[in-house]
Amino acid sequence: MQKQTLLACVAALALSPGPAMANGETIAVMTKNQTNPFFQAERVGAEKAAAQLNAKVLQYIPTQPDSIPEQMSQFDDIAVKKPDAVVMVPVDYKAMVPGVEKLNAAGIPVINATDRSAGGKLVSFVGANDYDTAKATGEALLKAIGGKGDVVIIEGVRGALTAQDRLRGFTDAIKEFPNVKLVASQPGNYQRLQANQVMENLLQANPHVAGVMAANDAMAAGVLDALTDGSSKALVVGINGTKEAIDAIKAGTLLATGDYNGFLQGCIATTIAIRYLRHEPIIDSIVMHPVVIDKTNYQPYDMPVDKRSCPTWDEIAK
């Protein structure tokens, strides 16, 4: 593991209350949808960490992508079934607060991953800095196009905290390049097909776009689908560091992706949940450093997530 990719924002170690538990704990893992490769990687990371520590995972995934009512219903189910702890990625960082509070009332520890919850009692947060990652990735694109030309942003789900912060990062990167013009910024809702449709429409009005900043890799893939006829030579970046994005970088179709590392977030959040239950030291907050992956440094990421191993606690703590 690249140790420099982790930053312990709160360095103080904390101990969980109560007696230590035996092996075999059950961790409920809540993610946003079944379609985004990022969350698929996050679930694999959770499963790997649990297996390494002799615990087990129950996956809670909305059947409808990013469904607030469905995830809220899953909170209800978890509060009744009472797993030992929960690793939660909220569908909406505000709307899910009552769900977190319901788990708090049920005495179930909650570890927050990826999207920081706006409320509720949380044991720890594990994620990446969306703003810094987007800004660094956007800057890589703008340098690659020579600091001039028209660019497009394909946003995530408007209202989602990750989408807001990534959009700010992209737009602040553009402000550093006076000869770059943002000609359109529209949501693709983190979905490949929607991003493809949005990009096809935008190309009709902006056929000479020099660059596209997509707020995740799935949407970047949708943008690349829209460019396959060769009529546009736009360079494209995404965010998340998925295997699909790495393959596209190797093939020369994607310029770069910002490493958001869902696999590692799943590993670390689940490890923290298990350590908390076992009355072992944990870290209150871990946020990863931004890393832009391109043709010069993709090699360490060129491995399917199911072939990866989670880091040890000593590696995480450092």
# chains A, B, ... in the order shown; residues from 1 in each chain; ligands from 1
>>> residues_around(residues="Lys81 of chain A", least_positions_apart="2", cutoff="12 Å", atoms="only C-alpha atoms", output="ChimeraX atom specification")
/A:26-28,58,74-79,83-86,103,106-108
>>> write_last_selection(atoms="N, CA and C atoms", output="PDB file, in the first residue's frame")
ATOM      1  N   THR A  26     -20.738  -9.386  13.179  1.00  0.00           N
ATOM      2  CA  THR A  26     -21.462  -9.102  11.939  1.00  0.00           C
ATOM      3  C   THR A  26     -21.478  -7.599  11.709  1.00  0.00           C
ATOM      4  N   ILE A  27     -20.990  -7.182  10.545  1.00  0.00           N
ATOM      5  CA  ILE A  27     -20.945  -5.767  10.178  1.00  0.00           C
ATOM      6  C   ILE A  27     -21.898  -5.548   9.011  1.00  0.00           C
ATOM      7  N   ALA A  28     -22.888  -4.693   9.188  1.00  0.00           N
ATOM      8  CA  ALA A  28     -23.766  -4.306   8.086  1.00  0.00           C
ATOM      9  C   ALA A  28     -23.084  -3.197   7.294  1.00  0.00           C
ATOM     10  N   LEU A  58     -22.854  -8.116   6.121  1.00  0.00           N
ATOM     11  CA  LEU A  58     -24.168  -8.132   5.486  1.00  0.00           C
ATOM     12  C   LEU A  58     -24.270  -6.886   4.620  1.00  0.00           C
ATOM     13  N   GLN A  74     -33.901   0.480   4.928  1.00  0.00           N
ATOM     14  CA  GLN A  74     -32.814  -0.403   5.344  1.00  0.00           C
ATOM     15  C   GLN A  74     -32.312  -0.051   6.742  1.00  0.00           C
ATOM     16  N   PHE A  75     -32.285   1.229   7.086  1.00  0.00           N
ATOM     17  CA  PHE A  75     -31.964   1.621   8.459  1.00  0.00           C
ATOM     18  C   PHE A  75     -32.940   0.965   9.435  1.00  0.00           C
ATOM     19  N   ASP A  76     -34.225   0.983   9.087  1.00  0.00           N
ATOM     20  CA  ASP A  76     -35.239   0.359   9.945  1.00  0.00           C
ATOM     21  C   ASP A  76     -34.951  -1.122  10.124  1.00  0.00           C
ATOM     22  N   ASP A  77     -34.607  -1.794   9.032  1.00  0.00           N
ATOM     23  CA  ASP A  77     -34.332  -3.222   9.084  1.00  0.00           C
ATOM     24  C   ASP A  77     -33.111  -3.519   9.956  1.00  0.00           C
ATOM     25  N   ILE A  78     -32.085  -2.699   9.808  1.00  0.00           N
ATOM     26  CA  ILE A  78     -30.864  -2.894  10.597  1.00  0.00           C
ATOM     27  C   ILE A  78     -31.130  -2.668  12.079  1.00  0.00           C
ATOM     28  N   ALA A  79     -31.932  -1.652  12.396  1.00  0.00           N
ATOM     29  CA  ALA A  79     -32.242  -1.368  13.799  1.00  0.00           C
ATOM     30  C   ALA A  79     -32.958  -2.540  14.460  1.00  0.00           C
ATOM     31  N   PRO A  83     -27.176  -5.869  13.888  1.00  0.00           N
ATOM     32  CA  PRO A  83     -25.802  -6.350  13.688  1.00  0.00           C
ATOM     33  C   PRO A  83     -24.899  -5.681  14.719  1.00  0.00           C
ATOM     34  N   ASP A  84     -23.669  -6.144  14.810  1.00  0.00           N
ATOM     35  CA  ASP A  84     -22.777  -5.601  15.835  1.00  0.00           C
ATOM     36  C   ASP A  84     -22.345  -4.170  15.541  1.00  0.00           C
ATOM     37  N   ALA A  85     -22.220  -3.817  14.264  1.00  0.00           N
ATOM     38  CA  ALA A  85     -21.841  -2.452  13.870  1.00  0.00           C
ATOM     39  C   ALA A  85     -22.266  -2.219  12.432  1.00  0.00           C
ATOM     40  N   VAL A  86     -22.238  -0.957  12.022  1.00  0.00           N
ATOM     41  CA  VAL A  86     -22.652  -0.576  10.672  1.00  0.00           C
ATOM     42  C   VAL A  86     -21.578   0.299  10.035  1.00  0.00           C
ATOM     43  N   LEU A 103     -30.152   4.217  14.528  1.00  0.00           N
ATOM     44  CA  LEU A 103     -29.141   3.228  14.913  1.00  0.00           C
ATOM     45  C   LEU A 103     -28.480   3.610  16.233  1.00  0.00           C
ATOM     46  N   ALA A 106     -30.641   2.533  18.934  1.00  0.00           N
ATOM     47  CA  ALA A 106     -30.635   1.075  19.082  1.00  0.00           C
ATOM     48  C   ALA A 106     -29.315   0.565  19.656  1.00  0.00           C
ATOM     49  N   GLY A 107     -28.357   1.474  19.875  1.00  0.00           N
ATOM     50  CA  GLY A 107     -27.076   1.087  20.445  1.00  0.00           C
ATOM     51  C   GLY A 107     -26.137   0.411  19.468  1.00  0.00           C
ATOM     52  N   ILE A 108     -26.316   0.685  18.163  1.00  0.00           N
ATOM     53  CA  ILE A 108     -25.483   0.062  17.134  1.00  0.00           C
ATOM     54  C   ILE A 108     -24.421   1.073  16.679  1.00  0.00           C
TER      55      ILE A 108
END
>>> select_by_dssp(residues="segment 92-298 of chain A", states="strand (DSSP E)", output="VMD selection string")
chain A and resid 110 to 113 124 to 128 148 to 155 179 to 187 211 to 214 235 to 239 256 to 258 282 to 288 292 to 293
>>> closest_atom_pairs(of="segment 40-91 of chain A", to="segment 258-272 of chain A", cutoff="6 Å", atoms="only C-alpha atoms", output="Markdown table")
| residue | atom | partner | partner_atom | distance |
| --- | --- | --- | --- | --- |
| A:Ala41 | CA | A:Phe263 | CA | 4.6 |
| A:Glu42 | CA | A:Phe263 | CA | 4.4 |
| A:Gly45 | CA | A:Cys267 | CA | 4.4 |
| A:Ala46 | CA | A:Gly266 | CA | 4.5 |
| A:Ala49 | CA | A:Cys267 | CA | 5.1 |
>>> atom_distance(atom1="atom CA of Ile282 of chain A", atom2="atom CA of Leu122 of chain A")
12.6 Å
>>> select_by_dssp(residues="segment 27-242 of chain A", states="helix (DSSP H, G or I)", output="VMD selection string")
chain A and resid 37 to 52 68 to 81 97 to 105 130 to 144 161 to 175 192 to 205 217 to 226
>>> write_last_selection(atoms="C-alpha atoms", output="tab-separated table (two decimals), in the first residue's frame")
chain	number	residue	atom	x	y	z
A	37	PRO	CA	-18.01	0.39	-9.77
A	38	PHE	CA	-16.79	2.56	-6.89
A	39	PHE	CA	-19.33	1.07	-4.50
A	40	GLN	CA	-18.71	-2.40	-5.88
A	41	ALA	CA	-15.04	-1.93	-4.95
A	42	GLU	CA	-16.01	-0.56	-1.54
A	43	ARG	CA	-18.09	-3.66	-0.83
A	44	VAL	CA	-15.22	-5.93	-1.88
A	45	GLY	CA	-12.91	-4.04	0.48
A	46	ALA	CA	-15.38	-4.51	3.34
A	47	GLU	CA	-15.65	-8.24	2.61
A	48	LYS	CA	-11.85	-8.61	2.45
A	49	ALA	CA	-11.30	-6.79	5.74
A	50	ALA	CA	-13.97	-8.82	7.49
A	51	ALA	CA	-12.54	-12.10	6.19
A	52	GLN	CA	-9.03	-11.14	7.29
A	68	ILE	CA	-33.58	7.79	-0.13
A	69	PRO	CA	-36.78	5.92	0.86
A	70	GLU	CA	-35.17	2.54	0.23
A	71	GLN	CA	-32.07	3.27	2.28
A	72	MET	CA	-34.21	4.70	5.07
A	73	SER	CA	-36.14	1.42	5.08
A	74	GLN	CA	-32.81	-0.40	5.34
A	75	PHE	CA	-31.96	1.62	8.46
A	76	ASP	CA	-35.24	0.36	9.94
A	77	ASP	CA	-34.33	-3.22	9.08
A	78	ILE	CA	-30.86	-2.89	10.60
A	79	ALA	CA	-32.24	-1.37	13.80
A	80	VAL	CA	-34.46	-4.45	14.21
A	81	LYS	CA	-31.85	-7.08	13.24
A	97	VAL	CA	-29.42	11.62	9.55
A	98	PRO	CA	-32.67	10.29	11.12
A	99	GLY	CA	-31.54	6.81	10.07
A	100	VAL	CA	-28.20	7.27	11.82
A	101	GLU	CA	-30.00	8.53	14.90
A	102	LYS	CA	-32.22	5.44	14.83
A	103	LEU	CA	-29.14	3.23	14.91
A	104	ASN	CA	-27.71	5.36	17.70
A	105	ALA	CA	-30.88	4.82	19.71
A	130	ASP	CA	-13.59	15.43	-2.93
A	131	TYR	CA	-12.63	19.05	-3.47
A	132	ASP	CA	-8.86	18.46	-3.48
A	133	THR	CA	-9.18	15.35	-5.66
A	134	ALA	CA	-11.35	17.15	-8.22
A	135	LYS	CA	-9.14	20.23	-8.26
A	136	ALA	CA	-5.97	18.21	-8.81
A	137	THR	CA	-7.62	16.09	-11.51
A	138	GLY	CA	-9.08	19.15	-13.21
A	139	GLU	CA	-5.70	20.86	-13.21
A	140	ALA	CA	-4.16	17.81	-14.88
A	141	LEU	CA	-6.71	18.07	-17.69
A	142	LEU	CA	-6.27	21.81	-18.15
A	143	LYS	CA	-2.50	21.49	-18.35
A	144	ALA	CA	-2.87	18.69	-20.89
A	161	LEU	CA	-22.09	16.40	-0.92
A	162	THR	CA	-19.54	14.62	-3.12
A	163	ALA	CA	-21.03	16.25	-6.22
A	164	GLN	CA	-20.97	19.71	-4.67
A	165	ASP	CA	-17.36	19.43	-3.55
A	166	ARG	CA	-16.15	17.91	-6.83
A	167	LEU	CA	-17.90	20.63	-8.79
A	168	ARG	CA	-16.20	23.29	-6.66
A	169	GLY	CA	-12.85	21.62	-7.23
A	170	PHE	CA	-13.33	21.52	-11.00
A	171	THR	CA	-14.54	25.12	-11.23
A	172	ASP	CA	-11.73	26.41	-9.00
A	173	ALA	CA	-9.21	24.64	-11.23
A	174	ILE	CA	-10.70	26.42	-14.25
A	175	LYS	CA	-10.33	29.79	-12.50
A	192	ARG	CA	-22.72	6.08	-17.39
A	193	LEU	CA	-25.79	6.13	-19.64
A	194	GLN	CA	-27.00	9.51	-18.42
A	195	ALA	CA	-23.56	11.03	-18.87
A	196	ASN	CA	-23.42	9.60	-22.38
A	197	GLN	CA	-26.75	11.20	-23.28
A	198	VAL	CA	-25.76	14.53	-21.74
A	199	MET	CA	-22.45	14.57	-23.61
A	200	GLU	CA	-24.06	13.68	-26.94
A	201	ASN	CA	-26.41	16.63	-26.54
A	202	LEU	CA	-23.65	19.01	-25.48
A	203	LEU	CA	-21.48	18.08	-28.46
A	204	GLN	CA	-24.19	19.28	-30.83
A	205	ALA	CA	-23.85	22.81	-29.48
A	217	ASP	CA	-15.29	7.25	-13.75
A	218	ALA	CA	-18.65	5.78	-14.74
A	219	MET	CA	-19.64	9.12	-16.26
A	220	ALA	CA	-16.21	9.49	-17.85
A	221	ALA	CA	-16.85	6.16	-19.58
A	222	GLY	CA	-20.19	7.49	-20.79
A	223	VAL	CA	-18.46	10.57	-22.17
A	224	LEU	CA	-15.91	8.40	-23.97
A	225	ASP	CA	-18.80	6.43	-25.50
A	226	ALA	CA	-20.12	9.71	-26.92
>>> atom_distance(atom1="atom CA of Ala95 of chain A", atom2="atom CA of Asn33 of chain A")
16.2 Å
>>> residues_around(residues="segment 149-157 of chain A", least_positions_apart="6", cutoff="6 Å", atoms="only C-alpha atoms", output="VMD selection string")
chain A and resid 163 180 to 190 209 to 215
>>> write_last_selection(atoms="N, CA and C atoms", output="PDB file, in the first residue's frame")
ATOM      1  N   ALA A 163     -20.846  15.515  -4.963  1.00  0.00           N
ATOM      2  CA  ALA A 163     -21.029  16.246  -6.218  1.00  0.00           C
ATOM      3  C   ALA A 163     -20.747  17.729  -6.031  1.00  0.00           C
ATOM      4  N   VAL A 180      -9.150  29.363 -20.476  1.00  0.00           N
ATOM      5  CA  VAL A 180     -10.075  28.232 -20.524  1.00  0.00           C
ATOM      6  C   VAL A 180     -11.485  28.745 -20.270  1.00  0.00           C
ATOM      7  N   LYS A 181     -12.435  28.290 -21.068  1.00  0.00           N
ATOM      8  CA  LYS A 181     -13.833  28.706 -20.926  1.00  0.00           C
ATOM      9  C   LYS A 181     -14.709  27.496 -20.604  1.00  0.00           C
ATOM     10  N   LEU A 182     -15.461  27.602 -19.514  1.00  0.00           N
ATOM     11  CA  LEU A 182     -16.437  26.566 -19.172  1.00  0.00           C
ATOM     12  C   LEU A 182     -17.707  26.829 -19.973  1.00  0.00           C
ATOM     13  N   VAL A 183     -17.995  25.974 -20.932  1.00  0.00           N
ATOM     14  CA  VAL A 183     -19.139  26.213 -21.818  1.00  0.00           C
ATOM     15  C   VAL A 183     -20.407  25.496 -21.354  1.00  0.00           C
ATOM     16  N   ALA A 184     -20.270  24.497 -20.478  1.00  0.00           N
ATOM     17  CA  ALA A 184     -21.452  23.792 -19.980  1.00  0.00           C
ATOM     18  C   ALA A 184     -21.086  22.990 -18.739  1.00  0.00           C
ATOM     19  N   SER A 185     -22.048  22.917 -17.812  1.00  0.00           N
ATOM     20  CA  SER A 185     -21.899  22.091 -16.616  1.00  0.00           C
ATOM     21  C   SER A 185     -23.260  21.490 -16.313  1.00  0.00           C
ATOM     22  N   GLN A 186     -23.390  20.190 -16.538  1.00  0.00           N
ATOM     23  CA  GLN A 186     -24.688  19.532 -16.368  1.00  0.00           C
ATOM     24  C   GLN A 186     -24.528  18.225 -15.608  1.00  0.00           C
ATOM     25  N   PRO A 187     -25.555  17.818 -14.858  1.00  0.00           N
ATOM     26  CA  PRO A 187     -25.455  16.572 -14.094  1.00  0.00           C
ATOM     27  C   PRO A 187     -25.621  15.330 -14.958  1.00  0.00           C
ATOM     28  N   GLY A 188     -24.832  14.320 -14.643  1.00  0.00           N
ATOM     29  CA  GLY A 188     -25.000  12.990 -15.227  1.00  0.00           C
ATOM     30  C   GLY A 188     -25.395  11.980 -14.165  1.00  0.00           C
ATOM     31  N   ASN A 189     -25.556  12.484 -12.923  1.00  0.00           N
ATOM     32  CA  ASN A 189     -26.065  11.682 -11.798  1.00  0.00           C
ATOM     33  C   ASN A 189     -25.234  10.441 -11.517  1.00  0.00           C
ATOM     34  N   TYR A 190     -23.936  10.540 -11.810  1.00  0.00           N
ATOM     35  CA  TYR A 190     -22.985   9.468 -11.541  1.00  0.00           C
ATOM     36  C   TYR A 190     -23.282   8.187 -12.330  1.00  0.00           C
ATOM     37  N   VAL A 209     -15.138  21.126 -28.148  1.00  0.00           N
ATOM     38  CA  VAL A 209     -14.723  21.052 -26.752  1.00  0.00           C
ATOM     39  C   VAL A 209     -13.332  20.418 -26.660  1.00  0.00           C
ATOM     40  N   ALA A 210     -12.464  21.046 -25.855  1.00  0.00           N
ATOM     41  CA  ALA A 210     -11.097  20.545 -25.718  1.00  0.00           C
ATOM     42  C   ALA A 210     -10.953  19.550 -24.570  1.00  0.00           C
ATOM     43  N   GLY A 211     -11.817  19.671 -23.557  1.00  0.00           N
ATOM     44  CA  GLY A 211     -11.677  18.802 -22.400  1.00  0.00           C
ATOM     45  C   GLY A 211     -12.985  18.606 -21.665  1.00  0.00           C
ATOM     46  N   VAL A 212     -13.103  17.453 -21.011  1.00  0.00           N
ATOM     47  CA  VAL A 212     -14.301  17.131 -20.233  1.00  0.00           C
ATOM     48  C   VAL A 212     -13.869  16.629 -18.859  1.00  0.00           C
ATOM     49  N   MET A 213     -14.443  17.240 -17.818  1.00  0.00           N
ATOM     50  CA  MET A 213     -14.210  16.807 -16.448  1.00  0.00           C
ATOM     51  C   MET A 213     -15.464  16.085 -15.968  1.00  0.00           C
ATOM     52  N   ALA A 214     -15.360  14.792 -15.749  1.00  0.00           N
ATOM     53  CA  ALA A 214     -16.492  14.004 -15.265  1.00  0.00           C
ATOM     54  C   ALA A 214     -16.281  13.713 -13.780  1.00  0.00           C
ATOM     55  N   ALA A 215     -17.343  13.846 -13.005  1.00  0.00           N
ATOM     56  CA  ALA A 215     -17.226  13.737 -11.555  1.00  0.00           C
ATOM     57  C   ALA A 215     -17.067  12.313 -11.047  1.00  0.00           C
TER      58      ALA A 215
END
>>> closest_residue(among="A:Lys56, A:Lys250, A:Lys94, A:His279", to="Asp302 of chain A", atoms="only C-alpha atoms")
A:Lys250
>>> closest_residue(among="A:Asp284, A:Asp66, A:Asp229, A:Asp247", to="Val126 of chain A", atoms="only C-alpha atoms")
A:Asp284
>>> residues_around(residues="Lys243 of chain A", least_positions_apart="2", cutoff="9 Å", atoms="only C-alpha atoms", output="list in words")
Pro37, Gly241, Ala245, Ile246, Asp247, Ala248, Tyr301, Asp302, Met303, Pro304 and Val305 of chain A
>>> atom_distance(atom1="atom CA of Ala118 of chain A", atom2="atom CA of Asp92 of chain A")
9.2 Å
